[in-house]
Protein chains: 2
Amino acid sequence: MYLYCVNIVEISKVLSNQTRVDILGWLKDPEANFPPHQEIDHFDDGVCVGFIQDKAGLSQSTISTYLNSMQQVNLVIPTRHGKWTYYKRNEKAIRAYAEQLGNAL
Amino acid sequence: MYLYCVNIVEISKVLSNQTRVDILGWLKDPEANFPPHQEIDHFDDGVCVGFIQDKAGLSQSTISTYLNSMQQVNLVIPTRHGKWTYYKRNEKAIRAYAEQLGNAL
DNA sequence: AAAACATATCTAAATTTCTAGATATGTAAA
DNA sequence: TTTACATATCTAGAAATTTAGATATGTTTT
């Protein structure tokens, strides 16, 4: 039984962009890839949009759109804290996708 | 050590199209998905382009282009026999990709 | 309540992908 | 050695993606 419904084509569309794949990689180790947050002293809910934007070097709207597309296929989980939205990896869904892709291909 | 150099973004581009994913699926079981070949009585080298075209319902040039893009990232292997080109799955490369994607994601 | 700030959404232009028709190439048959 | 046939490649218009600027929304601060 799978928790997440995986669509290879839809997830592949998300993974067919280098920046989005990079973001997923950076979120594996926020301490190593991002400065510490001001308001909170941890990365338990991931990284705020602004930091991801700075790291990627693309516009705010583009990164927001990217993160939204990643969230739509469950690759990341957003959490709002005050003015900020933090994004973290959805490890279960990522594992489920990797496993199901291995079975489907 | 990996035999095939895998680029997640490039392979994801190929897998971001339903027809190409379908073709990869059909080639898992040619006997079940295609009529028997006229000139040869086996699917050892895969399936000819014409049969794949008929099954997909897209034009000859489109299917040929799709198969070429799949071959470029090593998902399939072409073999020429007379007038026909047969395409089969590259199982080793497909396994390598599934495994490396699991590690990379 | 207004101002400031972070993020989301809307809009549109540039780029890429999709797809088929036309044509080229390679092989076999007449 | 034409002719026919299977596949590959070229060309181009349609459709989708990429990306940023403008604007909207939600939250906090003043």
# chains A, B, ... in the order shown; residues from 1 in each chain; ligands from 1
>>> residues_around(residues="D:DT19", least_positions_apart="4", cutoff="12 Å", atoms="only C-alpha atoms (C1' of nucleotides)", output="mmCIF file with N, CA and C atoms (P, O5', C5', C4', C3', O3' and C1' of nucleotides), in the first residue's frame")
data_model
loop_
_atom_site.group_PDB
_atom_site.id
_atom_site.type_symbol
_atom_site.label_atom_id
_atom_site.label_comp_id
_atom_site.auth_asym_id
_atom_site.auth_seq_id
_atom_site.Cartn_x
_atom_site.Cartn_y
_atom_site.Cartn_z
ATOM 1 N N GLY A 57 19.257 32.189 -7.299
ATOM 2 C CA GLY A 57 19.543 33.327 -8.176
ATOM 3 C C GLY A 57 18.451 33.598 -9.198
ATOM 4 N N LEU A 58 17.243 33.173 -8.896
ATOM 5 C CA LEU A 58 16.112 33.466 -9.783
ATOM 6 C C LEU A 58 15.135 34.364 -9.033
ATOM 7 N N SER A 59 14.135 34.866 -9.744
ATOM 8 C CA SER A 59 13.228 35.841 -9.136
ATOM 9 C C SER A 59 12.337 35.202 -8.080
ATOM 10 N N GLN A 60 11.791 36.053 -7.240
ATOM 11 C CA GLN A 60 10.898 35.604 -6.167
ATOM 12 C C GLN A 60 9.699 34.854 -6.740
ATOM 13 N N SER A 61 9.104 35.393 -7.792
ATOM 14 C CA SER A 61 7.908 34.753 -8.344
ATOM 15 C C SER A 61 8.239 33.394 -8.959
ATOM 16 N N THR A 62 9.399 33.314 -9.585
ATOM 17 C CA THR A 62 9.794 32.037 -10.192
ATOM 18 C C THR A 62 9.996 30.966 -9.130
ATOM 19 N N ILE A 63 10.713 31.323 -8.068
ATOM 20 C CA ILE A 63 10.967 30.339 -7.007
ATOM 21 C C ILE A 63 9.676 29.940 -6.314
ATOM 22 N N SER A 64 8.819 30.910 -6.091
ATOM 23 C CA SER A 64 7.536 30.599 -5.469
ATOM 24 C C SER A 64 6.734 29.633 -6.349
ATOM 25 N N THR A 65 6.761 29.884 -7.654
ATOM 26 C CA THR A 65 6.069 28.998 -8.594
ATOM 27 C C THR A 65 6.692 27.606 -8.576
ATOM 28 N N TYR A 66 8.014 27.547 -8.565
ATOM 29 C CA TYR A 66 8.712 26.251 -8.523
ATOM 30 C C TYR A 66 8.319 25.475 -7.263
ATOM 31 P P DT C 11 -4.759 37.825 -14.987
ATOM 32 O "O5'" DT C 11 -3.479 38.302 -15.804
ATOM 33 C "C5'" DT C 11 -2.884 39.561 -15.485
ATOM 34 C "C4'" DT C 11 -1.688 39.790 -16.394
ATOM 35 C "C3'" DT C 11 -1.871 39.281 -17.827
ATOM 36 O "O3'" DT C 11 -1.606 40.357 -18.712
ATOM 37 C "C1'" DT C 11 0.172 38.501 -16.906
ATOM 38 P P DA C 12 -1.802 40.150 -20.311
ATOM 39 O "O5'" DA C 12 -0.295 40.009 -20.814
ATOM 40 C "C5'" DA C 12 0.695 40.901 -20.307
ATOM 41 C "C4'" DA C 12 2.065 40.428 -20.741
ATOM 42 C "C3'" DA C 12 2.116 39.871 -22.166
ATOM 43 O "O3'" DA C 12 3.311 40.288 -22.786
ATOM 44 C "C1'" DA C 12 2.968 38.294 -20.687
ATOM 45 P P DA C 13 3.393 40.442 -24.367
ATOM 46 O "O5'" DA C 13 4.945 40.187 -24.623
ATOM 47 C "C5'" DA C 13 5.918 40.845 -23.798
ATOM 48 C "C4'" DA C 13 7.129 39.954 -23.666
ATOM 49 C "C3'" DA C 13 7.621 39.367 -24.999
ATOM 50 O "O3'" DA C 13 9.035 39.436 -25.036
ATOM 51 C "C1'" DA C 13 7.182 37.626 -23.464
ATOM 52 P P DA C 14 9.867 38.940 -26.333
ATOM 53 O "O5'" DA C 14 10.618 37.658 -25.766
ATOM 54 C "C5'" DA C 14 11.492 37.800 -24.646
ATOM 55 C "C4'" DA C 14 12.065 36.442 -24.308
ATOM 56 C "C3'" DA C 14 12.701 35.713 -25.489
ATOM 57 O "O3'" DA C 14 13.913 35.120 -25.046
ATOM 58 C "C1'" DA C 14 10.993 34.368 -24.534
ATOM 59 P P DT C 15 14.848 34.279 -26.083
ATOM 60 O "O5'" DT C 15 14.522 32.763 -25.717
ATOM 61 C "C5'" DT C 15 14.616 32.351 -24.365
ATOM 62 C "C4'" DT C 15 14.029 30.970 -24.228
ATOM 63 C "C3'" DT C 15 14.582 29.933 -25.211
ATOM 64 O "O3'" DT C 15 15.242 28.947 -24.436
ATOM 65 C "C1'" DT C 15 12.227 29.756 -24.967
#
>>> interface_residues(of="chain D", to="chain B", cutoff="9 Å", atoms="only C-alpha atoms (C1' of nucleotides)", output="list of chain:residue names")
D:DC5, D:DA6, D:DT7, D:DA8, D:DT9
>>> interface_residues(of="chain C", to="chain B", cutoff="12 Å", atoms="only C-alpha atoms (C1' of nucleotides)", output="PyMOL selection string")
chain C and resi 16-23+25-29
>>> residues_around(residues="stretch 25-35 of chain B", least_positions_apart="4", cutoff="9 Å", atoms="only C-alpha atoms (C1' of nucleotides)", output="short mmCIF file (atom, residue, chain, number, x, y, z; two decimals) with C-alpha atoms, in the first residue's frame")
data_model
loop_
_atom_site.label_atom_id
_atom_site.label_comp_id
_atom_site.auth_asym_id
_atom_site.auth_seq_id
_atom_site.Cartn_x
_atom_site.Cartn_y
_atom_site.Cartn_z
CA ALA A 104 7.24 0.93 -12.90
CA LEU A 105 10.22 1.40 -15.18
CA ARG B 20 7.36 7.75 -24.08
CA VAL B 21 6.59 6.23 -20.68
CA HIS B 42 10.82 -13.27 -32.01
CA PHE B 43 11.16 -10.01 -30.08
CA GLY B 46 12.57 -5.54 -29.41
CA VAL B 47 9.82 -4.12 -31.61
CA PHE B 51 4.34 -1.35 -34.62
CA ILE B 52 5.16 1.17 -31.91
CA LYS B 55 0.13 1.35 -30.95
CA TYR B 87 13.96 -1.10 -30.30
CA LYS B 88 14.28 -2.92 -27.00
CA ARG B 89 14.61 -1.75 -23.42
#
>>> interface_residues(of="chain B", to="chain A", cutoff="6 Å", atoms="only C-alpha atoms", output="PDB file with N, CA and C atoms, in the first residue's frame")
ATOM      1  N   VAL B   9      17.963  15.276 -14.745  1.00  0.00           N
ATOM      2  CA  VAL B   9      17.167  16.248 -15.495  1.00  0.00           C
ATOM      3  C   VAL B   9      16.906  15.759 -16.916  1.00  0.00           C
ATOM      4  N   SER B  12      14.586  12.772 -16.857  1.00  0.00           N
ATOM      5  CA  SER B  12      13.249  13.216 -16.468  1.00  0.00           C
ATOM      6  C   SER B  12      12.527  13.880 -17.631  1.00  0.00           C
ATOM      7  N   LYS B  13      13.278  14.611 -18.469  1.00  0.00           N
ATOM      8  CA  LYS B  13      12.648  15.217 -19.647  1.00  0.00           C
ATOM      9  C   LYS B  13      12.048  14.136 -20.532  1.00  0.00           C
ATOM     10  N   LEU B  15      11.090  11.170 -19.581  1.00  0.00           N
ATOM     11  CA  LEU B  15       9.990  10.511 -18.861  1.00  0.00           C
ATOM     12  C   LEU B  15       8.827  11.457 -18.556  1.00  0.00           C
ATOM     13  N   SER B  16       8.939  12.723 -18.973  1.00  0.00           N
ATOM     14  CA  SER B  16       7.865  13.676 -18.697  1.00  0.00           C
ATOM     15  C   SER B  16       6.805  13.666 -19.796  1.00  0.00           C
ATOM     16  N   ASN B  17       6.833  12.665 -20.639  1.00  0.00           N
ATOM     17  CA  ASN B  17       5.854  12.522 -21.727  1.00  0.00           C
ATOM     18  C   ASN B  17       5.176  11.153 -21.630  1.00  0.00           C
ATOM     19  N   ALA B  98      17.082   3.965 -12.071  1.00  0.00           N
ATOM     20  CA  ALA B  98      16.171   3.841 -10.921  1.00  0.00           C
ATOM     21  C   ALA B  98      16.967   3.847  -9.614  1.00  0.00           C
ATOM     22  N   GLY B 102      17.100   6.906  -6.805  1.00  0.00           N
ATOM     23  CA  GLY B 102      16.822   6.642  -5.395  1.00  0.00           C
ATOM     24  C   GLY B 102      17.904   7.197  -4.486  1.00  0.00           C
TER      25      GLY B 102
END
>>> select_by_dssp(residues="chain B", states="alpha helix (DSSP H)", output="JSON, numbers by chain")
{"B": [8, 9, 10, 11, 12, 13, 14, 15, 18, 19, 20, 21, 22, 23, 24, 25, 26, 30, 31, 32, 33, 49, 50, 51, 52, 53, 54, 55, 56, 60, 61, 62, 63, 64, 65, 66, 67, 68, 69, 70, 71, 72, 91, 92, 93, 94, 95, 96, 97, 98, 99, 100, 101, 102, 103, 104]}
>>> write_last_selection(atoms="C-alpha atoms", output="PDB file, in the first residue's frame")
ATOM      1  CA  ILE B   8      18.311  13.134 -13.662  1.00  0.00           C
ATOM      2  CA  VAL B   9      17.167  16.248 -15.495  1.00  0.00           C
ATOM      3  CA  GLU B  10      17.789  14.811 -18.966  1.00  0.00           C
ATOM      4  CA  ILE B  11      16.130  11.478 -18.236  1.00  0.00           C
ATOM      5  CA  SER B  12      13.249  13.216 -16.468  1.00  0.00           C
ATOM      6  CA  LYS B  13      12.648  15.217 -19.647  1.00  0.00           C
ATOM      7  CA  VAL B  14      12.264  11.966 -21.544  1.00  0.00           C
ATOM      8  CA  LEU B  15       9.990  10.511 -18.861  1.00  0.00           C
ATOM      9  CA  GLN B  18       3.108   9.917 -21.344  1.00  0.00           C
ATOM     10  CA  THR B  19       3.658   8.313 -24.742  1.00  0.00           C
ATOM     11  CA  ARG B  20       7.356   7.749 -24.076  1.00  0.00           C
ATOM     12  CA  VAL B  21       6.592   6.230 -20.679  1.00  0.00           C
ATOM     13  CA  ASP B  22       3.941   4.068 -22.367  1.00  0.00           C
ATOM     14  CA  ILE B  23       6.432   2.863 -24.975  1.00  0.00           C
ATOM     15  CA  LEU B  24       8.842   1.852 -22.242  1.00  0.00           C
ATOM     16  CA  GLY B  25       6.001  -0.066 -20.585  1.00  0.00           C
ATOM     17  CA  TRP B  26       4.879  -1.786 -23.786  1.00  0.00           C
ATOM     18  CA  PRO B  30       6.191  -7.240 -26.587  1.00  0.00           C
ATOM     19  CA  GLU B  31       4.271 -10.527 -26.971  1.00  0.00           C
ATOM     20  CA  ALA B  32       1.360  -9.053 -25.029  1.00  0.00           C
ATOM     21  CA  ASN B  33       1.418  -5.619 -26.651  1.00  0.00           C
ATOM     22  CA  VAL B  49       9.137   1.327 -35.225  1.00  0.00           C
ATOM     23  CA  GLY B  50       5.985   0.782 -37.292  1.00  0.00           C
ATOM     24  CA  PHE B  51       4.335  -1.351 -34.617  1.00  0.00           C
ATOM     25  CA  ILE B  52       5.159   1.166 -31.914  1.00  0.00           C
ATOM     26  CA  GLN B  53       3.755   3.907 -34.125  1.00  0.00           C
ATOM     27  CA  ASP B  54       0.491   2.002 -34.679  1.00  0.00           C
ATOM     28  CA  LYS B  55       0.134   1.346 -30.950  1.00  0.00           C
ATOM     29  CA  ALA B  56       0.837   4.949 -29.968  1.00  0.00           C
ATOM     30  CA  GLN B  60       5.994   8.112 -37.933  1.00  0.00           C
ATOM     31  CA  SER B  61       8.278  11.100 -37.541  1.00  0.00           C
ATOM     32  CA  THR B  62       7.099  11.755 -33.998  1.00  0.00           C
ATOM     33  CA  ILE B  63       7.645   8.175 -32.883  1.00  0.00           C
ATOM     34  CA  SER B  64      11.035   8.058 -34.556  1.00  0.00           C
ATOM     35  CA  THR B  65      11.975  11.278 -32.755  1.00  0.00           C
ATOM     36  CA  TYR B  66      10.713   9.893 -29.431  1.00  0.00           C
ATOM     37  CA  LEU B  67      12.669   6.661 -29.842  1.00  0.00           C
ATOM     38  CA  ASN B  68      15.751   8.655 -30.710  1.00  0.00           C
ATOM     39  CA  SER B  69      15.419  10.774 -27.561  1.00  0.00           C
ATOM     40  CA  MET B  70      14.972   7.635 -25.485  1.00  0.00           C
ATOM     41  CA  GLN B  71      18.043   6.095 -27.081  1.00  0.00           C
ATOM     42  CA  GLN B  72      20.099   9.234 -26.411  1.00  0.00           C
ATOM     43  CA  GLU B  91      17.421  -2.990 -18.770  1.00  0.00           C
ATOM     44  CA  LYS B  92      20.841  -2.293 -17.277  1.00  0.00           C
ATOM     45  CA  ALA B  93      20.580   1.436 -17.878  1.00  0.00           C
ATOM     46  CA  ILE B  94      16.997   1.523 -16.648  1.00  0.00           C
ATOM     47  CA  ARG B  95      17.989  -0.270 -13.430  1.00  0.00           C
ATOM     48  CA  ALA B  96      20.986   2.026 -13.032  1.00  0.00           C
ATOM     49  CA  TYR B  97      18.767   5.070 -13.414  1.00  0.00           C
ATOM     50  CA  ALA B  98      16.171   3.841 -10.921  1.00  0.00           C
ATOM     51  CA  GLU B  99      18.900   3.043  -8.418  1.00  0.00           C
ATOM     52  CA  GLN B 100      20.787   6.311  -8.843  1.00  0.00           C
ATOM     53  CA  LEU B 101      17.596   8.339  -8.697  1.00  0.00           C
ATOM     54  CA  GLY B 102      16.822   6.642  -5.395  1.00  0.00           C
ATOM     55  CA  ASN B 103      20.244   7.661  -4.113  1.00  0.00           C
ATOM     56  CA  ALA B 104      20.167  11.193  -5.542  1.00  0.00           C
TER      57      ALA B 104
END
>>> atom_distance(atom1="atom CA of A:Asp44", atom2="atom C1' of C:DA4")
26.9 Å
>>> select_by_dssp(residues="chain A", states="strand (DSSP E or B)", output="ChimeraX atom specification")
/A:47-48,76-81,84-89
